[in-house]
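**Q** I have a structure I would like to understand better, so I am pasting it below and will then ask my questions one at a time.
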Number of protein chains: 2
Amino acid sequence: MIAVLCGGVGAARFLAGLVGVVDPAEVVAIVNTGDDTELHGLSISPDLDTITYTLSGRVNPETGWGLAGDEFSTMDALDALGGSTWFRLGNLDLATHLYRTGRLRQGATVTEVTAELARAFGLRLTLLPMSNEPVRTLLELVDGGTVGFQDYFVRLRHAVAVRAVRWPAAAAALPAPGVIEALTGARIIIIAPSNPVVSIDPILAVPGIREALRSRRERVVAISPIVAGAALKGPADRLLTELGGSATAAGVAAWLADVVGVLVVDEADADHAADVEAHGMTCVVTPTVMSDAEVAAGLARTVLAAGGLTELA
Amino acid sequence: MIAVLCGGVGAARFLAGLVGVVDPAEVVAIVNTGDDTELHGLSISPDLDTITYTLSGRVNPETGWGLAGDEFSTMDALDALGGSTWFRLGNLDLATHLYRTGRLRQGATVTEVTAELARAFGLRLTLLPMSNEPVRTLLELVDGGTVGFQDYFVRLRHAVAVRAVRWPAAAAALPAPGVIEALTGARIIIIAPSNPVVSIDPILAVPGIREALRSRRERVVAISPIVAGAALKGPADRLLTELGGSATAAGVAAWLADVVGVLVVDEADADHAADVEAHGMTCVVTPTVMSDAEVAAGLARTVLAAGGLTELA
């Protein structure tokens, strides 16, 4: 069994490669819900949805999130009413949020709703939220104020400097059912190429998860989301720098040093290998920019081999 | 100033006639919110929306509710996910519910949201909910069980016998700001041709409203929603009978006897005039079936004249 810690778009693309290489039934994806938010009374789980849409083949290929061919007439109508539309919810995408919200109001857990949606979208892997409790990512801004992740990422277009990232609700949260079992039982634990600060750290903030990875550090293989000193997508590079880290492959190694045994870095960062290995981990160099399914599958094979699963690679 | 107690479709059509005859700025519509429900986490106020959509000229003319030209791709997608779609929310209509729900979550009152939506839709009359607190209509079924109004009306298609109708939350509710002032200050109080059992009674269940009407009974003019022994729309006829009343113009008179001074009945019920007047009220006979705007305007004029506002009629 293969466990994968996941954020959004990068993780979704990696998972799409992975399930082309191994039996999806062997894969347990543990997904960040620190990005979750509530808009117009609807419960939105962006990372879970991005993965579900991507693996079902229905994701919008241009954005990497949302549904292909979706339309926005509800948002346009809401805009005409003076409503808040900085977070654009497509007509078809809205159905996912209505379903999730309705089931949560009926008393279903996030785990249950996630499994129902994954099944409805035809997914064969196991998709788990990191927790059934809300563990919202809060960002303290340099200019003052604290905002939730979607406020930072979408409304403010991550164009503001961050002083600290916190998960005040984490202390009272539990890992979702199956998460610790997956981490304990997996032959390999993969950290997908997701933002370490706001996609992976929220998962590690849930009590018990960081400890589970630490105790199996030699089985944990991470893929650096930083390539040649920059994030392929999103603000990972700036966040690492703003929070005292370094926006390099070695910076990712330092950030995740206590939980990662192998770091897979892009060919562009081959000369960082020694700096990565200085953090007491193995460095594997390979193409990581998943421009097509073939690269994603090749990356998945390299990761499996790096984790010792050579018969799958 | 003219106050109108309102349910949904019949009231909306009457108001459309009324605002063609008098200055809309003189009209205060006090609207039933006993039909309100929550679906998929969204706050739905069907009667307020039907009136707003009708008066803006944007109502679906075939159904009398919902928006003209609306599409249902979100509902179709929700259906494909296995979600609950017996209450069909159109793509454009959804924007209204997202707006309302978002504003209520921000702490706005139903009164405030109603005014904002009325303004956004270009309405010039004053639209008030009967209360800012939820006062949900509950129907006890003969076959057992208690359901909310939309469950009864939409999901069960009102094809079940009702034993009793209750508003348990009414005792703790207050009339919305402006309601008692409108009823006290109005030159005429009109009860629109709405279902007396599930559209008007919920308004009268809010503490203080029935008393306000009783004290001004001679100024209260109601229009019978029962014509020739049948409801033009919906289950008013069956509900009146099931609850021990009579599905006739005289039955409406009996049902509302304590609050109504004048009952306007359709020409088809001219021979009920004596039975109506036996309840201590004046009976006025006129065409009430609002098949077009002209009939609605004529009905409005007759109602105003019946209430003594002959200069407006």
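To be explicit about the labels: the chains of the structure tokens are called A, B, and onward in the order shown, and within each one the residues are counted from 1, while ligands get numbers from 1 in the order they are shown.
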Taking only C-alpha atoms into account, what are the residues of chain B at most 8 Å from chain A, put as number ranges by chain?
**A** B: 39-42, 73-75, 77-78, 80-84, 91-96, 98-103, 105, 117, 120-121
**Q** Which residues in range 84-313 of chain B does DSSP call helix (DSSP H, G or I)? List them as number ranges by chain.
**A** B: 91-105, 110-120, 149-155, 170-172, 179-185, 196-205, 209-214, 217-219, 236-242, 249-255, 267-277, 293-306
**Q** Please provide the set of residues having any atom within 10 Å of range 295-305 of chain A, restricted to only C-alpha atoms, with same-chain residues fewer than 4 positions apart removed, written as a PyMOL selection string.
**A** chain A and resi 2+13-22+187-192+220-223+262-264+266+284-291+309-313
**Q** So, counting only C-alpha atoms, which residue among A:Ser194, A:Gln150, A:Pro177, A:Gly64 is closest to Cys6 in chain A?
**A**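 Nearest to Cys6 in chain A: A:Ser194.
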**Q** Using only C-alpha atoms, determine which residues lie at most 10 Å from Phe149 in chain B, disregarding the query and same-chain residues fewer than 6 positions distant; provide the list as a ChimeraX atom specification.
**A** /B:34-37,136-139,155-156,158,165,198
**Q** Which residues come within 6 Å of range 242-249 of chain B, counting only C-alpha atoms, excluding same-chain residues fewer than 5 positions away, as a list in words?
**A** Ile226, Gly229 and Asp237 of chain B
**Q** Okay, now the selection with N, CA and C atoms, as a PDB file, in the first residue's frame?
**A**
ATOM      1  N   ILE B 226     -60.172  30.877  -2.833  1.00  0.00           N
ATOM      2  CA  ILE B 226     -61.042  29.769  -3.256  1.00  0.00           C
ATOM      3  C   ILE B 226     -62.076  30.335  -4.230  1.00  0.00           C
ATOM      4  N   GLY B 229     -65.352  26.756  -5.151  1.00  0.00           N
ATOM      5  CA  GLY B 229     -65.082  25.566  -4.351  1.00  0.00           C
ATOM      6  C   GLY B 229     -63.727  24.931  -4.546  1.00  0.00           C
ATOM      7  N   ASP B 237     -57.777  24.215  -0.964  1.00  0.00           N
ATOM      8  CA  ASP B 237     -59.103  23.607  -0.810  1.00  0.00           C
ATOM      9  C   ASP B 237     -59.038  22.358   0.079  1.00  0.00           C
TER      10      ASP B 237
END
**Q** Please provide as an NGL selection string all residues within 8 Å of Trp255 in chain B, with the sequence filter that same-chain residues fewer than 2 positions apart are discarded (counting only C-alpha atoms).
**A** :B and (196 or 245 or 251-253 or 257)
**Q** Please extract the residues of range 81-301 of chain B with a backbone DSSP assignment of strand (DSSP E) and present them as a PyMOL selection string.
**A** chain B and resi 126-129+138-141+146-148+162-166+188-191+220-223+226-227+230-231+262-265+282-285
**Q** Counting only C-alpha atoms, what is within 7 Å of Leu125 in chain A, bar same-chain residues fewer than 4 positions away, as an mmCIF file with C-alpha atoms, in the first residue's frame?
**A**
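Result file is out23.cif:
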data_model
loop_
_atom_site.group_PDB
_atom_site.id
_atom_site.type_symbol
_atom_site.label_atom_id
_atom_site.label_comp_id
_atom_site.auth_asym_id
_atom_site.auth_seq_id
_atom_site.Cartn_x
_atom_site.Cartn_y
_atom_site.Cartn_z
ATOM 1 C CA PRO A 24 -5.192 2.633 -7.780
ATOM 2 C CA ALA A 25 -6.705 0.365 -5.130
ATOM 3 C CA GLU A 26 -3.234 0.336 -3.513
ATOM 4 C CA VAL A 27 -3.097 4.131 -3.185
ATOM 5 C CA VAL A 28 -4.315 6.146 -0.191
#
**Q** For the atom pair CA of His272 in chain A and CA of Arg238 in chain A, what is the interatomic distance in Å to one decimal place?
**A**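 CA of His272 in chain A sits 19.0 Å away from CA of Arg238 in chain A.
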**Q** Just to confirm, what's the straight-line distance from CA of Gly66 in chain A to CA of Thr50 in chain A in Å (one decimal)?
**A**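 It comes out at 6.7 Å.
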**Q** Provide the CA of Trp167 in chain A to CA of Gly107 in chain A distance in Å, to one decimal place.
**A**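 Distance between the two atoms: 24.1 Å.
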